[in-house]
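Structure data (mmCIF, C-alpha atoms) from my_file_10.cif:
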```cif
data_structure
loop_
_atom_site.label_atom_id
_atom_site.label_comp_id
_atom_site.auth_asym_id
_atom_site.auth_seq_id
_atom_site.Cartn_x
_atom_site.Cartn_y
_atom_site.Cartn_z
CA MET A 718 -6.17 -14.38 12.46
CA PRO A 719 -8.20 -11.31 13.54
CA LYS A 720 -6.37 -8.04 14.07
CA SER A 721 -5.98 -6.81 17.62
CA VAL A 722 -7.74 -3.63 18.72
CA ILE A 723 -5.27 -0.88 19.61
CA ILE A 724 -7.78 1.87 20.53
CA ARG A 725 -11.19 1.15 22.06
CA LEU A 726 -13.14 4.16 23.33
CA GLU A 727 -16.41 3.50 25.14
CA ASP A 728 -18.75 6.44 25.86
CA ILE A 729 -15.86 8.86 26.40
CA THR A 730 -16.92 12.21 27.85
CA LYS A 731 -14.64 15.13 28.71
CA VAL A 732 -15.95 18.14 30.60
CA TYR A 733 -13.91 21.21 31.50
CA GLY A 734 -14.95 23.79 34.09
CA ILE A 735 -18.01 23.95 36.32
CA GLY A 736 -21.26 25.87 36.39
CA GLU A 737 -21.68 28.46 33.67
CA THR A 738 -18.14 27.91 32.42
CA THR A 739 -18.70 24.19 31.71
CA VAL A 740 -17.43 23.04 28.33
CA HIS A 741 -18.39 19.59 27.02
CA ALA A 742 -15.35 18.92 24.84
CA LEU A 743 -16.31 15.29 24.18
CA ALA A 744 -19.82 13.90 24.42
CA GLY A 745 -20.08 10.10 24.43
CA VAL A 746 -17.40 9.12 21.91
CA ASN A 747 -17.21 5.49 20.80
CA LEU A 748 -14.40 4.46 18.49
CA ILE A 749 -12.28 1.45 17.53
CA VAL A 750 -8.92 1.52 15.73
CA GLU A 751 -7.36 -1.83 14.86
CA GLN A 752 -3.71 -2.76 14.63
CA GLY A 753 -2.17 -1.62 11.34
CA GLU A 754 -4.68 1.12 10.53
CA TYR A 755 -3.70 4.57 9.23
CA CYS A 756 -6.33 7.10 10.36
CA SER A 757 -6.72 10.85 10.35
CA ILE A 758 -8.87 12.79 12.79
CA MET A 759 -10.49 15.88 11.29
CA GLY A 760 -13.03 18.51 12.26
CA ALA A 761 -13.44 22.24 12.67
CA SER A 762 -11.66 24.16 15.42
CA GLY A 763 -13.39 23.34 18.71
CA SER A 764 -14.81 20.06 17.40
CA GLY A 765 -13.01 17.99 20.04
CA LYS A 766 -10.23 16.50 17.93
CA SER A 767 -7.37 17.88 20.05
CA THR A 768 -9.05 16.75 23.27
CA MET A 769 -9.49 13.35 21.68
CA MET A 770 -5.81 13.20 20.79
CA ASN A 771 -4.84 14.09 24.36
CA ILE A 772 -6.94 11.25 25.74
CA ILE A 773 -5.73 8.73 23.15
CA GLY A 774 -2.16 9.82 23.95
CA CYS A 775 -2.68 9.35 27.71
CA LEU A 776 -1.92 13.05 28.23
CA ASP A 777 -5.36 13.54 29.79
CA ARG A 778 -8.08 11.38 31.35
CA PRO A 779 -11.74 11.24 30.35
CA THR A 780 -14.37 12.61 32.74
CA ALA A 781 -16.40 9.47 32.10
CA GLY A 782 -16.17 6.38 29.93
CA ARG A 783 -13.48 3.77 29.29
CA TYR A 784 -10.37 3.88 27.13
CA TYR A 785 -8.62 0.60 26.35
CA LEU A 786 -5.15 0.97 24.83
CA ASP A 787 -3.83 -2.29 23.40
CA GLY A 788 -6.31 -4.15 25.62
CA GLU A 789 -5.47 -2.29 28.84
CA ASP A 790 -7.94 0.04 30.57
CA VAL A 791 -5.97 3.27 31.00
CA SER A 792 -8.97 5.54 31.71
CA GLN A 793 -8.21 6.34 35.35
CA LEU A 794 -4.53 5.50 35.80
CA ASP A 795 -2.47 7.91 37.89
CA ASP A 796 0.13 10.24 36.37
CA GLY A 797 3.06 7.89 36.96
CA ALA A 798 1.29 4.94 35.34
CA LEU A 799 0.24 7.09 32.37
CA ALA A 800 3.83 8.31 31.90
CA HIS A 801 5.00 4.68 31.85
CA ILE A 802 2.33 3.78 29.26
CA ARG A 803 3.31 6.76 27.06
CA ASN A 804 6.97 5.76 27.10
CA ARG A 805 6.33 2.08 26.49
CA LYS A 806 3.40 2.02 24.06
CA LEU A 807 3.09 5.42 22.36
CA GLY A 808 5.14 7.51 19.97
CA PHE A 809 4.40 11.22 19.47
CA VAL A 810 5.09 13.59 16.58
CA PHE A 811 4.00 17.23 16.93
CA GLN A 812 3.90 20.29 14.70
CA GLN A 813 6.80 21.74 16.69
CA PHE A 814 9.69 19.33 16.79
CA HIS A 815 10.57 19.58 20.51
CA LEU A 816 14.19 18.59 19.98
CA LEU A 817 16.79 19.51 22.61
CA PRO A 818 19.14 21.99 20.87
CA GLN A 819 22.26 20.98 22.79
CA LEU A 820 21.94 17.32 21.72
CA THR A 821 22.80 15.72 18.39
CA ALA A 822 20.17 13.96 16.29
CA LEU A 823 21.44 10.62 17.63
CA GLU A 824 21.29 11.81 21.25
CA ASN A 825 17.78 13.24 20.81
CA VAL A 826 16.55 9.90 19.48
CA MET A 827 18.27 8.01 22.29
CA LEU A 828 16.44 10.03 24.96
CA PRO A 829 13.18 8.00 25.27
CA MET A 830 15.24 4.85 25.80
CA VAL A 831 16.94 6.39 28.84
CA TYR A 832 13.56 6.45 30.60
CA ALA A 833 12.88 2.90 29.39
CA ASN A 834 16.18 1.73 30.97
CA VAL A 835 17.57 0.40 27.70
CA PRO A 836 21.34 -0.35 27.93
CA ILE A 837 23.57 2.36 26.44
CA GLN A 838 24.92 0.40 23.47
CA GLU A 839 21.46 -0.82 22.51
CA ARG A 840 20.26 2.81 22.74
CA ARG A 841 22.90 3.88 20.23
CA ASP A 842 22.20 0.98 17.87
CA ARG A 843 18.43 1.47 17.91
CA ALA A 844 18.67 5.25 17.56
CA LYS A 845 20.99 4.89 14.58
CA GLU A 846 18.64 2.32 13.02
CA ALA A 847 15.66 4.66 13.48
CA LEU A 848 17.51 7.60 11.92
CA ILE A 849 18.57 5.48 8.96
CA ARG A 850 14.92 4.43 8.58
CA VAL A 851 13.89 8.09 8.12
CA GLY A 852 16.78 8.84 5.74
CA LEU A 853 19.16 10.67 8.06
CA GLU A 854 22.15 8.33 8.12
CA GLN A 855 24.40 11.26 7.15
CA ARG A 856 23.10 13.53 9.93
CA LEU A 857 23.57 11.50 13.11
CA ASN A 858 25.91 14.00 14.74
CA ASN A 859 24.20 17.20 13.63
CA ARG A 860 22.42 19.38 16.18
CA PRO A 861 18.92 20.71 15.42
CA THR A 862 20.25 24.15 14.38
CA GLN A 863 22.26 22.42 11.66
CA LEU A 864 19.15 20.72 10.22
CA SER A 865 16.29 21.95 8.03
CA GLY A 866 12.71 21.86 9.32
CA GLY A 867 12.02 18.68 7.40
CA GLN A 868 15.16 17.03 8.77
CA GLN A 869 14.22 18.04 12.31
CA GLN A 870 10.80 16.46 11.84
CA ARG A 871 12.52 13.29 10.63
CA VAL A 872 14.54 13.24 13.84
CA ALA A 873 11.28 13.69 15.79
CA ILE A 874 9.74 10.74 13.92
CA ALA A 875 12.81 8.59 14.61
CA ARG A 876 12.54 9.50 18.30
CA ALA A 877 8.83 8.57 18.24
CA ILE A 878 9.40 5.09 16.81
CA VAL A 879 12.62 4.12 18.60
CA ASN A 880 10.80 2.46 21.53
CA ARG A 881 8.76 0.40 19.05
CA PRO A 882 5.36 1.76 20.10
CA VAL A 883 2.06 0.02 19.41
CA LEU A 884 0.63 3.38 18.30
CA LEU A 885 2.17 6.39 16.55
CA LEU A 886 0.29 9.65 17.19
CA ALA A 887 0.90 12.68 15.00
CA ASP A 888 -0.63 16.09 15.80
CA GLU A 889 -0.49 18.41 12.76
CA PRO A 890 2.95 16.96 11.91
CA THR A 891 3.31 18.92 8.66
CA GLY A 892 1.87 22.22 9.92
CA ALA A 893 5.26 23.98 9.97
CA LEU A 894 6.54 22.56 6.67
CA ASP A 895 6.38 23.60 3.03
CA SER A 896 4.49 21.49 0.50
CA THR A 897 7.51 19.58 -0.84
CA THR A 898 8.74 18.70 2.65
CA THR A 899 5.18 17.83 3.68
CA ARG A 900 5.05 15.22 0.92
CA GLU A 901 8.38 13.73 2.05
CA ILE A 902 7.23 13.49 5.67
CA LEU A 903 3.88 11.95 4.69
CA ASN A 904 5.76 9.36 2.61
CA ILE A 905 7.61 8.34 5.79
CA PHE A 906 4.32 7.88 7.66
CA THR A 907 2.99 5.81 4.74
CA GLU A 908 6.11 3.61 4.81
CA LEU A 909 5.87 3.14 8.58
CA ASN A 910 2.23 2.13 8.24
CA ALA A 911 3.10 -0.25 5.40
CA SER A 912 5.56 -1.95 7.76
CA GLY A 913 2.68 -2.63 10.18
CA MET A 914 2.68 0.41 12.46
CA THR A 915 -0.67 1.82 13.59
CA VAL A 916 -0.81 5.57 12.87
CA VAL A 917 -3.38 8.14 14.00
CA MET A 918 -2.94 11.72 12.79
CA VAL A 919 -4.79 14.92 13.69
CA THR A 920 -4.92 17.36 10.80
CA HIS A 921 -7.07 20.19 9.47
CA GLU A 922 -5.68 19.78 5.95
CA SER A 923 -7.66 17.66 3.51
CA GLU A 924 -4.56 17.03 1.39
CA VAL A 925 -2.84 15.47 4.40
CA ALA A 926 -5.89 13.42 5.38
CA ARG A 927 -6.12 12.02 1.85
CA CYS A 928 -2.78 10.29 2.42
CA THR A 929 -4.33 8.22 5.21
CA ARG A 930 -6.70 5.32 4.70
CA ARG A 931 -9.54 6.25 7.04
CA VAL A 932 -10.88 9.63 8.14
CA ILE A 933 -12.63 10.10 11.50
CA TRP A 934 -14.70 13.30 11.40
CA PHE A 935 -15.46 15.16 14.63
CA LYS A 936 -18.15 17.77 15.21
CA ASP A 937 -19.35 19.26 18.51
CA GLY A 938 -17.45 16.72 20.59
CA GLN A 939 -18.85 13.70 18.77
CA VAL A 940 -17.74 11.36 16.01
CA MET A 941 -20.00 12.21 13.10
CA GLN A 942 -18.24 10.01 10.53
CA PRO A 943 -16.13 7.15 11.96
CA ASN A 944 -15.18 5.50 8.67
CA LEU A 945 -14.94 8.14 5.99
CA ALA A 946 -12.94 7.19 2.89
CA PRO A 947 -10.33 9.86 2.03
CA GLU A 948 -11.87 10.33 -1.42
CA GLU A 949 -15.17 11.29 0.25
CA LEU A 950 -13.59 14.30 1.96
CA ALA A 951 -14.17 16.78 -0.84
CA ALA A 952 -17.96 16.47 -0.68
CA LEU A 953 -17.94 16.76 3.11
CA THR A 954 -15.68 19.81 3.33
CA MET A 955 -17.58 21.56 0.54
CA GLY A 956 -20.84 20.86 2.30
#
```
Let's see the structure in the file written out as C-alpha cells.
Amino acid sequence: MPKSVIIRLEDITKVYGIGETTVHALAGVNLIVEQGEYCSIMGASGSGKSTMMNIIGCLDRPTAGRYYLDGEDVSQLDDGALAHIRNRKLGFVFQQFHLLPQLTALENVMLPMVYANVPIQERRDRAKEALIRVGLEQRLNNRPTQLSGGQQQRVAIARAIVNRPVLLLADEPTGALDSTTTREILNIFTELNASGMTVVMVTHESEVARCTRRVIWFKDGQVMQPNLAPEELAALTMG
C-alpha cells in the first residue's frame, strides 16, 4: 500500500514588502514529504528555511502556489480555519519551550486538548500517557521552574504529540540545550518517528541533521537539494 503524502508544496512563492523593499523569501518551491518520513530543513541564514517552516506549519500563507497538508489545500484558508488545522493536524516544538509557568507539566500538556474540546478525563489520561512516553512519569505535577531545560523540552514534545498530529514540526528544538541533553531529545524524536510519526525539523546544526533520514537544503529561497542523505552533509557544508 503506497504511503500517503503529508506535505505537498506546488510552486510556493512568498514575497514580503513592496517596491524597493520587496524580499522574495521563497521562489517557486516544490516539495513532497510522505507519511512516516523524518526530514531536516537546512540552509544558511536568510535561505528561506524559517519562512518555509511557517508556511508548512500554517502560521503564514504563501503569496502564490498551493500547499496541501494531508491532502487538504490549506494555501488560502482564513485565520480561524488555519488555527483549527494547527490544533488538529500539527504539533510544534520550538527552541524556547513556551510552557506556562503557573501550570504543572500535566496541565501544560492538557492545554491543546482544551481547544480541541476533548473531555476532561480523557485530557488527563492522554496528557499522562504523552508525558510517560517522553520519560517524565515522575514529573507530572512539577511546574516548569522545577524542571531542567531538557525536561521542559520533553514537556513541550509531549504537548506537541498529545493531539495525535499527522505532522510534528520542530524548529531548532535543541538550540538551547547542552550536547548530552541534545542527544536525549533527538533520541525521543527518533523513537517517535520509529512509531510512525512524520517529523520535519529545521536546524542549522549538521550533527542534528545527521540524526534525521533526509536533508532538504535551502538556498536563496529555493530547494537546492530535496533528497540529501545525512552522510552527504559534510561535503556540502565544507563546499
Explicit residues for the PyMOL selection byres ((chain A and resi 909) around 12) (as an MDAnalysis selection string)
chainID A and resid 753:755 847 850:851 874:875 877:878 881:885 902:908 910:917 929
Hits of the PyMOL selection byres ((chain A and resi 756) around 10) in this structure, as a list in words:
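Applying the expression gives Val750, Gly753, Glu754, Tyr755, Ser757, Ile758, Met759, Leu886, Thr915, Val916, Val917, Met918, Val919, Ala926, Arg927, Cys928, Thr929, Arg930, Arg931, Val932, Ile933, Pro943, Asn944, Leu945, Ala946 and Pro947 of chain A.
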Mind dumping the selected residues with C-alpha atoms as an mmCIF file, keeping the file's coordinate frame?
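Final output, saved to result.cif:
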```cif
data_model
loop_
_atom_site.group_PDB
_atom_site.id
_atom_site.type_symbol
_atom_site.label_atom_id
_atom_site.label_comp_id
_atom_site.auth_asym_id
_atom_site.auth_seq_id
_atom_site.Cartn_x
_atom_site.Cartn_y
_atom_site.Cartn_z
ATOM 1 C CA VAL A 750 -8.920 1.520 15.730
ATOM 2 C CA GLY A 753 -2.170 -1.620 11.340
ATOM 3 C CA GLU A 754 -4.680 1.120 10.530
ATOM 4 C CA TYR A 755 -3.700 4.570 9.230
ATOM 5 C CA SER A 757 -6.720 10.850 10.350
ATOM 6 C CA ILE A 758 -8.870 12.790 12.790
ATOM 7 C CA MET A 759 -10.490 15.880 11.290
ATOM 8 C CA LEU A 886 0.290 9.650 17.190
ATOM 9 C CA THR A 915 -0.670 1.820 13.590
ATOM 10 C CA VAL A 916 -0.810 5.570 12.870
ATOM 11 C CA VAL A 917 -3.380 8.140 14.000
ATOM 12 C CA MET A 918 -2.940 11.720 12.790
ATOM 13 C CA VAL A 919 -4.790 14.920 13.690
ATOM 14 C CA ALA A 926 -5.890 13.420 5.380
ATOM 15 C CA ARG A 927 -6.120 12.020 1.850
ATOM 16 C CA CYS A 928 -2.780 10.290 2.420
ATOM 17 C CA THR A 929 -4.330 8.220 5.210
ATOM 18 C CA ARG A 930 -6.700 5.320 4.700
ATOM 19 C CA ARG A 931 -9.540 6.250 7.040
ATOM 20 C CA VAL A 932 -10.880 9.630 8.140
ATOM 21 C CA ILE A 933 -12.630 10.100 11.500
ATOM 22 C CA PRO A 943 -16.130 7.150 11.960
ATOM 23 C CA ASN A 944 -15.180 5.500 8.670
ATOM 24 C CA LEU A 945 -14.940 8.140 5.990
ATOM 25 C CA ALA A 946 -12.940 7.190 2.890
ATOM 26 C CA PRO A 947 -10.330 9.860 2.030
#
```
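With atom CA of Asp842 of chain A on one side and atom CA of Val826 of chain A on the other, the separation reads 10.7 Å.
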For atom CA of Gly774 of chain A and atom CA of Val835 of chain A, determine how far apart the two atoms are, in Å to one decimal place.
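If I compute the distance from atom CA of Gly774 of chain A to atom CA of Val835 of chain A, I get 22.2 Å.
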Pick from A:Ile749, A:Ser762, A:Trp934, A:Pro829, whichever lies nearest to Glu949 of chain A using all atoms listed in the file:
A:Trp934
Is it possible to get the residues within 8 Å of (-16.2, 6.9, 27.4) (coordinates as in the file, counting all atoms listed in the file) written as a list in words?
Leu726, Glu727, Asp728, Ile729, Thr730, Gly745, Val746, Asn747, Pro779, Ala781, Gly782, Arg783 and Tyr784 of chain A
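Atom pair atom CA of Ile772 of chain A / atom CA of Gly788 of chain A has a distance of 15.4 Å (rounded to one decimal).
Proximity to Leu743 of chain A was assessed for A:Ala822, A:Met770, A:Leu950, A:Leu776 counting only C-alpha atoms; the smallest distance is recorded for A:Met770.
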For each of A:Arg840, A:Arg778, A:Lys936, A:Lys720, take the minimum atom-to-atom distance to Asp796 of chain A, counting only C-alpha atoms, then give the residue where this is smallest.
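Comparing A:Arg840, A:Arg778, A:Lys936, A:Lys720 against Asp796 of chain A, the winner is A:Arg778.
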When you look at Asn834 of chain A with a cut-off of 12 Å (counting all atoms listed in the file), what residues show up, excluding the ones that are within fewer than 5 positions of it in the same chain? I need them as a PDB file with C-alpha atoms, in the coordinates of the input.
```pdb
ATOM      1  CA  HIS A 801       5.000   4.680  31.850  1.00  0.00           C
ATOM      2  CA  ASN A 804       6.970   5.760  27.100  1.00  0.00           C
ATOM      3  CA  ARG A 805       6.330   2.080  26.490  1.00  0.00           C
ATOM      4  CA  MET A 827      18.270   8.010  22.290  1.00  0.00           C
ATOM      5  CA  LEU A 828      16.440  10.030  24.960  1.00  0.00           C
ATOM      6  CA  PRO A 829      13.180   8.000  25.270  1.00  0.00           C
ATOM      7  CA  GLU A 839      21.460  -0.820  22.510  1.00  0.00           C
ATOM      8  CA  ARG A 840      20.260   2.810  22.740  1.00  0.00           C
ATOM      9  CA  ASN A 880      10.800   2.460  21.530  1.00  0.00           C
TER      10      ASN A 880
END
```
Check what the PyMOL selection byres ((chain A and resi 866-873) around 9) selects in the file above and give those residues as a CSV table (one decimal) with C-alpha atoms, keeping the file's coordinate frame.
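Saved to part_0.csv:
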```
chain,number,residue,atom,x,y,z
A,809,PHE,CA,4.4,11.2,19.5
A,810,VAL,CA,5.1,13.6,16.6
A,811,PHE,CA,4.0,17.2,16.9
A,812,GLN,CA,3.9,20.3,14.7
A,813,GLN,CA,6.8,21.7,16.7
A,814,PHE,CA,9.7,19.3,16.8
A,815,HIS,CA,10.6,19.6,20.5
A,816,LEU,CA,14.2,18.6,20.0
A,822,ALA,CA,20.2,14.0,16.3
A,823,LEU,CA,21.4,10.6,17.6
A,825,ASN,CA,17.8,13.2,20.8
A,826,VAL,CA,16.6,9.9,19.5
A,847,ALA,CA,15.7,4.7,13.5
A,848,LEU,CA,17.5,7.6,11.9
A,851,VAL,CA,13.9,8.1,8.1
A,852,GLY,CA,16.8,8.8,5.7
A,853,LEU,CA,19.2,10.7,8.1
A,856,ARG,CA,23.1,13.5,9.9
A,861,PRO,CA,18.9,20.7,15.4
A,862,THR,CA,20.2,24.2,14.4
A,864,LEU,CA,19.2,20.7,10.2
A,865,SER,CA,16.3,22.0,8.0
A,874,ILE,CA,9.7,10.7,13.9
A,875,ALA,CA,12.8,8.6,14.6
A,876,ARG,CA,12.5,9.5,18.3
A,877,ALA,CA,8.8,8.6,18.2
A,878,ILE,CA,9.4,5.1,16.8
A,890,PRO,CA,3.0,17.0,11.9
A,891,THR,CA,3.3,18.9,8.7
A,893,ALA,CA,5.3,24.0,10.0
A,894,LEU,CA,6.5,22.6,6.7
A,895,ASP,CA,6.4,23.6,3.0
A,898,THR,CA,8.7,18.7,2.6
A,899,THR,CA,5.2,17.8,3.7
A,901,GLU,CA,8.4,13.7,2.0
A,902,ILE,CA,7.2,13.5,5.7
A,905,ILE,CA,7.6,8.3,5.8
```
I'd like the contact shell of Gly763 of chain A - 10 Å cut-off, only C-alpha atoms, skipping same-chain residues fewer than 6 positions apart - returned as a list in words.
Ala742, Phe935, Lys936, Asp937 and Gly938 of chain A
Could the residues in this selection be written to a file with C-alpha atoms, as a compact mmCIF listing (two decimals), in the coordinates of the input?
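Contents of again.txt, as written:
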```txt
# COMPACT_ATOMS: atom_id res chain seq x y z
CA ALA A 742 -15.35 18.92 24.84
CA PHE A 935 -15.46 15.16 14.63
CA LYS A 936 -18.15 17.77 15.21
CA ASP A 937 -19.35 19.26 18.51
CA GLY A 938 -17.45 16.72 20.59
```
Edge lengths and centre in Å to one decimal, as JSON, of the axis-aligned box that encloses all listed atoms of segment 739-744 of chain A with 3 Å added on every side?
```
{"center_x": -17.6, "center_y": 19.0, "center_z": 27.9, "size_x": 10.5, "size_y": 16.3, "size_z": 13.5}
```
For a quick check of understanding, using only C-alpha atoms, which of A:Ser721, A:Thr780, A:Gln942, A:Ser792 has the smallest distance to Val740 of chain A?
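Going through A:Ser721, A:Thr780, A:Gln942, A:Ser792 one by one, the smallest distance to Val740 of chain A is for A:Thr780.
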